[in-house]
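> Following this message is one structure expressed as structure tokens.
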Amino acid sequence: MQTPAPVDYVRATSVENAISLLEQHGEDARLLAGGHSLLPMMKLRLARPEILVDLQGLSELRGIKVDGGDLVIGAMTTHAEILDSPILSEHYAIFREAEKVIADPVVRNKGTMGGSMCQADPSEDLSAVGAALKGTVVIQGSGGKRTVEIRNFHEGPYETKVKDGEILTEVRFPIRPGAGSAYEKVERRVGDWPVCSAGAYVVVSGGTVTDCGIGLTAVGASHFCAPDAEAYLIGKPPTEANLAEAARLAAESCDPTSDQRGPADYKKHLAQELTLRALRRAAAASQGA
Amino acid sequence: MQVTITINGEPVTRDVEPRTLLVHFVRDDAGLRGTHWGCDTSNCGACTLWVDGSPVKSCTMLAAQADGHEVTTVEGLEQGGELDPVQKGFIECHGLQCGFCTPGMMMTGRWLLDNNPHPSDGEIREAISGQICRCTGYKNIVKAIQWAADNPATNEVNA
Ligand SMILES: Cc1cc2nc3c(=O)[nH]c(=O)nc-3n(C[C@H](O)[C@H](O)[C@H](O)COP(=O)(O)OP(=O)(O)OC[C@H]3O[C@@H](n4cnc5c(N)ncnc54)[C@H](O)[C@@H]3O)c2cc1C
Ligand code: FES
Ligand code: FES
């Protein structure tokens, strides 16, 4: 039987209260969101916090809204809520397409936006979505709030710019009129982490790509994105040949490792093929197809 | 710490270690053994119950997280001595063999029908996709949930 080691538990009453609890307990404290990454890590003793600060009661961290030109997803918003959000689907199909294949419907009732970003697993699907859409995260500490680009948020596997005593409060995505977007994932079995996933948005205007973003996860893409491939595509018509060349460049920039999910060359192949499929569908959607 | 969880409408208060998992609280502290406990790793779904009306894998949630919340287990499906249509469906369609996955399957099945009274087979398969059955091959589980969709409780029909 797997059980976490002894630990204390406290429910934060506000964001400020959570921050002061984190400051009071330093490295011994850990925030608890959905617990669907942290509790498994605690069972395996890969994490051994002394105290858990549960964010469940902070309704200010929950919800999806439009604020100015941004879509804003609160840190405690669940996968299920992201999947079912009409506002998100209206602007970006990528959210619904990605969430449909993240874990399974029961896990999606617990896992959260903030937990996914802060877990920073190298195979996290929402990291690819966030990098593709060039989103930002808002981080709050006792000194105030700061904003970090998702493409600059991950310091490495399981490591982010969120420091001790800080909380990720929300994730923001710029709305881009006319953008099409799509997400493609290959998993070993339903509900599993990806062997490779690729997501993209494309804005086609006057027959050329004026803006695009490509995100990849589980294949060692630096900061979950493929800027060289994006730069190649911008200013060109979204022809099959151009999309294929961008996908080739995206795969070239990946550095997957062989593991139980598959050999590195297979993952590289997937990175290219899934990027191409995502770009194709995103470009078609932008052109109203 | 002291935890109070309302399970199937009855408040249950116990002193537990904060690390106690909800599945163990329900089985060992509240004595409700209908909820099963399998893989321990959030993969099999045998431990699925509802917290505030939504299915959750209770091996991956602390009892402390459920403090002050409402839990519904398979024991809570039956209403006024009458089995839930989903339970009847499993009997009618031979929806189980060893029965290990069954409580979790029923909880997700009931939740699906509450939100989508006439699901397609594909929608049922999607809903139970986080739950593993080693015996039935799933076909009869899908049939059982479809049976419940076709035979809703009479009180629901009148409501
Ligand atoms: C069976 C299973 C299958 C899964 N499959 C997939 C999949 O296919 N793709 C995928 O992407 N993910 C998958 N996941 C992971 C799932 O998405 C997790 O829910 C998610 O990674 C973590 O979210 P959480 O809310 O549970 O975070 P928690 O486990 O509560 O927290 C994770 C980490 O983030 C920190 N944290 C949480 N919230 C904040 C915050 N607001 N500010 C700062 N730090 C914070 C915690 O301290 C902890 O270190 C799967 C999980 C399971 C159990
Ligand atoms: S025991 Fe909880 S998912 Fe298997
Ligand atoms: S009936 Fe045996 S595991 Fe499903």
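We label chains A, B, ... in the order they appear in the structure tokens, count residues from 1 in each chain, and number ligands from 1 in the order shown.
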Could you please select, counting only C-alpha atoms, the residues of chain B within 9 Å of chain A and state them as a VMD selection string?

chain B and resid 1 17 to 21 39 to 43 45 48 54 to 57 60 to 62 64 to 65 108 126 to 131

> Would you export the selected residues with N, CA, C and O atoms as an mmCIF file, in the first residue's frame, please?


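Below is the file that was written, selection_22.cif:
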```cif
data_model
loop_
_atom_site.group_PDB
_atom_site.id
_atom_site.type_symbol
_atom_site.label_atom_id
_atom_site.label_comp_id
_atom_site.auth_asym_id
_atom_site.auth_seq_id
_atom_site.Cartn_x
_atom_site.Cartn_y
_atom_site.Cartn_z
ATOM 1 N N MET B 1 -5.749 15.207 12.914
ATOM 2 C CA MET B 1 -6.697 16.298 12.739
ATOM 3 C C MET B 1 -8.113 15.734 12.673
ATOM 4 O O MET B 1 -8.314 14.581 12.309
ATOM 5 N N GLU B 17 -4.839 11.028 10.682
ATOM 6 C CA GLU B 17 -3.609 11.678 10.272
ATOM 7 C C GLU B 17 -3.902 12.448 8.983
ATOM 8 O O GLU B 17 -4.642 11.952 8.125
ATOM 9 N N PRO B 18 -3.306 13.623 8.825
ATOM 10 C CA PRO B 18 -3.566 14.394 7.605
ATOM 11 C C PRO B 18 -3.191 13.641 6.325
ATOM 12 O O PRO B 18 -3.731 13.922 5.268
ATOM 13 N N ARG B 19 -2.296 12.664 6.451
ATOM 14 C CA ARG B 19 -1.894 11.942 5.226
ATOM 15 C C ARG B 19 -2.892 10.863 4.818
ATOM 16 O O ARG B 19 -2.697 10.186 3.811
ATOM 17 N N THR B 20 -3.929 10.652 5.601
ATOM 18 C CA THR B 20 -4.905 9.595 5.289
ATOM 19 C C THR B 20 -5.561 9.851 3.936
ATOM 20 O O THR B 20 -6.085 10.936 3.676
ATOM 21 N N LEU B 21 -5.547 8.840 3.103
ATOM 22 C CA LEU B 21 -6.187 8.977 1.795
ATOM 23 C C LEU B 21 -7.693 8.793 1.942
ATOM 24 O O LEU B 21 -8.166 8.026 2.793
ATOM 25 N N CYS B 39 -5.041 -0.006 -7.661
ATOM 26 C CA CYS B 39 -3.662 0.246 -8.081
ATOM 27 C C CYS B 39 -2.923 1.199 -7.169
ATOM 28 O O CYS B 39 -1.700 1.206 -7.132
ATOM 29 N N ASP B 40 -3.671 2.049 -6.457
ATOM 30 C CA ASP B 40 -3.025 3.024 -5.579
ATOM 31 C C ASP B 40 -2.375 4.173 -6.343
ATOM 32 O O ASP B 40 -1.739 5.031 -5.744
ATOM 33 N N THR B 41 -2.454 4.170 -7.663
ATOM 34 C CA THR B 41 -1.658 5.127 -8.439
ATOM 35 C C THR B 41 -2.518 5.964 -9.394
ATOM 36 O O THR B 41 -2.010 6.492 -10.369
ATOM 37 N N SER B 42 -3.798 6.080 -9.139
ATOM 38 C CA SER B 42 -4.732 6.860 -9.953
ATOM 39 C C SER B 42 -4.896 6.353 -11.380
ATOM 40 O O SER B 42 -5.327 7.073 -12.256
ATOM 41 N N ASN B 43 -4.570 5.091 -11.592
ATOM 42 C CA ASN B 43 -4.686 4.551 -12.946
ATOM 43 C C ASN B 43 -5.875 3.615 -13.165
ATOM 44 O O ASN B 43 -6.361 3.524 -14.287
ATOM 45 N N GLY B 45 -8.997 3.314 -11.354
ATOM 46 C CA GLY B 45 -10.349 3.830 -11.172
ATOM 47 C C GLY B 45 -11.255 2.997 -10.281
ATOM 48 O O GLY B 45 -12.432 3.333 -10.118
ATOM 49 N N THR B 48 -13.079 5.007 -7.535
ATOM 50 C CA THR B 48 -13.845 6.190 -7.939
ATOM 51 C C THR B 48 -15.123 6.346 -7.103
ATOM 52 O O THR B 48 -15.923 5.428 -6.986
ATOM 53 N N SER B 54 -19.087 15.006 -8.266
ATOM 54 C CA SER B 54 -18.248 14.666 -9.425
ATOM 55 C C SER B 54 -17.342 13.485 -9.094
ATOM 56 O O SER B 54 -16.775 13.431 -8.002
ATOM 57 N N PRO B 55 -17.163 12.577 -10.050
ATOM 58 C CA PRO B 55 -16.302 11.421 -9.788
ATOM 59 C C PRO B 55 -14.841 11.825 -9.584
ATOM 60 O O PRO B 55 -14.310 12.675 -10.307
ATOM 61 N N VAL B 56 -14.231 11.198 -8.603
ATOM 62 C CA VAL B 56 -12.840 11.469 -8.235
ATOM 63 C C VAL B 56 -12.197 10.132 -7.885
ATOM 64 O O VAL B 56 -12.864 9.246 -7.351
ATOM 65 N N LYS B 57 -10.905 9.993 -8.176
ATOM 66 C CA LYS B 57 -10.178 8.787 -7.754
ATOM 67 C C LYS B 57 -9.725 9.002 -6.315
ATOM 68 O O LYS B 57 -8.826 9.801 -6.047
ATOM 69 N N THR B 60 -6.217 9.214 -4.639
ATOM 70 C CA THR B 60 -5.339 10.332 -4.964
ATOM 71 C C THR B 60 -5.937 11.626 -4.425
ATOM 72 O O THR B 60 -5.850 12.681 -5.036
ATOM 73 N N MET B 61 -6.573 11.507 -3.277
ATOM 74 C CA MET B 61 -7.127 12.666 -2.595
ATOM 75 C C MET B 61 -7.015 12.382 -1.103
ATOM 76 O O MET B 61 -7.252 11.249 -0.660
ATOM 77 N N LEU B 62 -6.635 13.369 -0.331
ATOM 78 C CA LEU B 62 -6.557 13.198 1.114
ATOM 79 C C LEU B 62 -7.960 13.335 1.706
ATOM 80 O O LEU B 62 -8.766 14.144 1.226
ATOM 81 N N ALA B 64 -8.408 14.832 4.315
ATOM 82 C CA ALA B 64 -8.393 16.239 4.743
ATOM 83 C C ALA B 64 -8.929 17.161 3.650
ATOM 84 O O ALA B 64 -9.599 18.159 3.943
ATOM 85 N N GLN B 65 -8.651 16.830 2.392
ATOM 86 C CA GLN B 65 -9.162 17.657 1.294
ATOM 87 C C GLN B 65 -10.679 17.582 1.191
ATOM 88 O O GLN B 65 -11.316 18.496 0.681
ATOM 89 N N THR B 108 -19.281 6.270 -12.124
ATOM 90 C CA THR B 108 -19.056 7.078 -13.317
ATOM 91 C C THR B 108 -20.249 6.955 -14.267
ATOM 92 O O THR B 108 -20.658 7.937 -14.896
ATOM 93 N N GLU B 126 -15.825 6.732 -23.456
ATOM 94 C CA GLU B 126 -15.004 7.889 -23.093
ATOM 95 C C GLU B 126 -15.122 8.150 -21.579
ATOM 96 O O GLU B 126 -14.124 8.351 -20.887
ATOM 97 N N ALA B 127 -16.348 8.107 -21.054
ATOM 98 C CA ALA B 127 -16.561 8.420 -19.630
ATOM 99 C C ALA B 127 -15.820 7.444 -18.720
ATOM 100 O O ALA B 127 -15.273 7.840 -17.696
ATOM 101 N N ILE B 128 -15.778 6.173 -19.093
ATOM 102 C CA ILE B 128 -15.139 5.169 -18.224
ATOM 103 C C ILE B 128 -13.688 4.904 -18.638
ATOM 104 O O ILE B 128 -13.069 3.952 -18.155
ATOM 105 N N SER B 129 -13.138 5.769 -19.484
ATOM 106 C CA SER B 129 -11.814 5.465 -20.047
ATOM 107 C C SER B 129 -10.696 5.508 -19.012
ATOM 108 O O SER B 129 -9.617 4.985 -19.244
ATOM 109 N N GLY B 130 -10.947 6.113 -17.855
ATOM 110 C CA GLY B 130 -9.915 6.114 -16.816
ATOM 111 C C GLY B 130 -10.057 4.962 -15.847
ATOM 112 O O GLY B 130 -9.444 4.957 -14.784
ATOM 113 N N GLN B 131 -10.883 3.985 -16.211
ATOM 114 C CA GLN B 131 -11.156 2.875 -15.297
ATOM 115 C C GLN B 131 -10.902 1.556 -16.008
ATOM 116 O O GLN B 131 -11.315 1.374 -17.153
#
```

> Mind checking which residues fall within 6 Å of stretch 266-280 of chain A, counting only C-alpha atoms, ignoring those fewer than 6 positions away in the same chain, and posting them as a PyMOL selection string?

chain A and resi 182-184+198-200+244+247-248+251

> Within 7 Å of ligand 3 (counting only C-alpha atoms and all ligand atoms), which residues show up? I'd like them as a ChimeraX atom specification.

/B:96-102,132-136

> Write out as an MDAnalysis selection string which residues come within 9 Å of A:Leu126 when counting only C-alpha atoms, dropping same-chain ones fewer than 3 positions away.

chainID A and resid 95 98:99 102 113 116:117 129:131 217

> Can you write just those residues out, N, CA and C atoms, as a short mmCIF file (atom, residue, chain, number, x, y, z; two decimals), in the first residue's frame?


```cif
data_model
loop_
_atom_site.label_atom_id
_atom_site.label_comp_id
_atom_site.auth_asym_id
_atom_site.auth_seq_id
_atom_site.Cartn_x
_atom_site.Cartn_y
_atom_site.Cartn_z
N PHE A 95 -7.61 24.36 -26.94
CA PHE A 95 -7.87 24.02 -25.53
C PHE A 95 -8.72 22.76 -25.44
N ALA A 98 -6.83 19.63 -26.76
CA ALA A 98 -5.80 19.13 -25.83
C ALA A 98 -6.45 18.51 -24.60
N GLU A 99 -7.43 19.21 -24.03
CA GLU A 99 -8.02 18.70 -22.79
C GLU A 99 -8.73 17.36 -23.00
N ILE A 102 -6.06 14.86 -22.30
CA ILE A 102 -5.25 14.92 -21.09
C ILE A 102 -5.87 13.97 -20.07
N MET A 113 -5.04 23.90 -13.91
CA MET A 113 -4.16 24.70 -14.78
C MET A 113 -2.85 25.00 -14.05
N SER A 116 -0.66 21.97 -13.32
CA SER A 116 0.02 21.47 -14.52
C SER A 116 1.23 22.33 -14.86
N MET A 117 1.05 23.66 -14.79
CA MET A 117 2.18 24.53 -15.13
C MET A 117 3.32 24.35 -14.13
N VAL A 129 0.53 23.63 -24.96
CA VAL A 129 -0.55 24.55 -25.34
C VAL A 129 -0.12 25.99 -25.01
N GLY A 130 0.38 26.17 -23.79
CA GLY A 130 0.78 27.51 -23.34
C GLY A 130 1.92 28.08 -24.17
N ALA A 131 2.88 27.22 -24.52
CA ALA A 131 4.01 27.68 -25.33
C ALA A 131 3.54 27.99 -26.75
N THR A 217 5.44 18.84 -26.70
CA THR A 217 5.80 18.32 -25.39
C THR A 217 6.22 16.86 -25.49
#
```

> Per DSSP on the backbone, filter stretch 66-275 of chain A down to the residues in strand (DSSP E) and report them as a PyMOL selection string.

chain A and resi 66-67+70-74+136-141+144-149+154-156+159-160+167-174+179-187+194-205+208-217

> Give me the residues within 6 Å of stretch 4-15 of chain B as a list of chain:residue names, counting only C-alpha atoms and dropping any in the same chain fewer than 3 places off.

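Neighbouring residues, sequence-local ones excluded: B:Met1, B:Asp67, B:Gly68, B:His69, B:Glu70, B:Val71, B:Thr72, B:Gly76.
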
> Quick one: write out the picked residues with C-alpha atoms as an mmCIF file, in the first residue's frame?


```cif
data_model
loop_
_atom_site.group_PDB
_atom_site.id
_atom_site.type_symbol
_atom_site.label_atom_id
_atom_site.label_comp_id
_atom_site.auth_asym_id
_atom_site.auth_seq_id
_atom_site.Cartn_x
_atom_site.Cartn_y
_atom_site.Cartn_z
ATOM 1 C CA MET B 1 -6.697 16.298 12.739
ATOM 2 C CA ASP B 67 -13.239 17.780 5.041
ATOM 3 C CA GLY B 68 -16.542 19.654 4.934
ATOM 4 C CA HIS B 69 -17.519 18.149 1.573
ATOM 5 C CA GLU B 70 -20.135 15.646 0.434
ATOM 6 C CA VAL B 71 -19.030 12.209 -0.662
ATOM 7 C CA THR B 72 -21.254 9.695 -2.423
ATOM 8 C CA GLY B 76 -25.423 5.716 -1.770
#
```

> Smallest atom-to-atom distance to ligand 1: which of A:Ile64, A:Leu88, A:Val195, A:Leu133, using only C-alpha atoms and all ligand atoms?

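Nearest to ligand 1: A:Val195.
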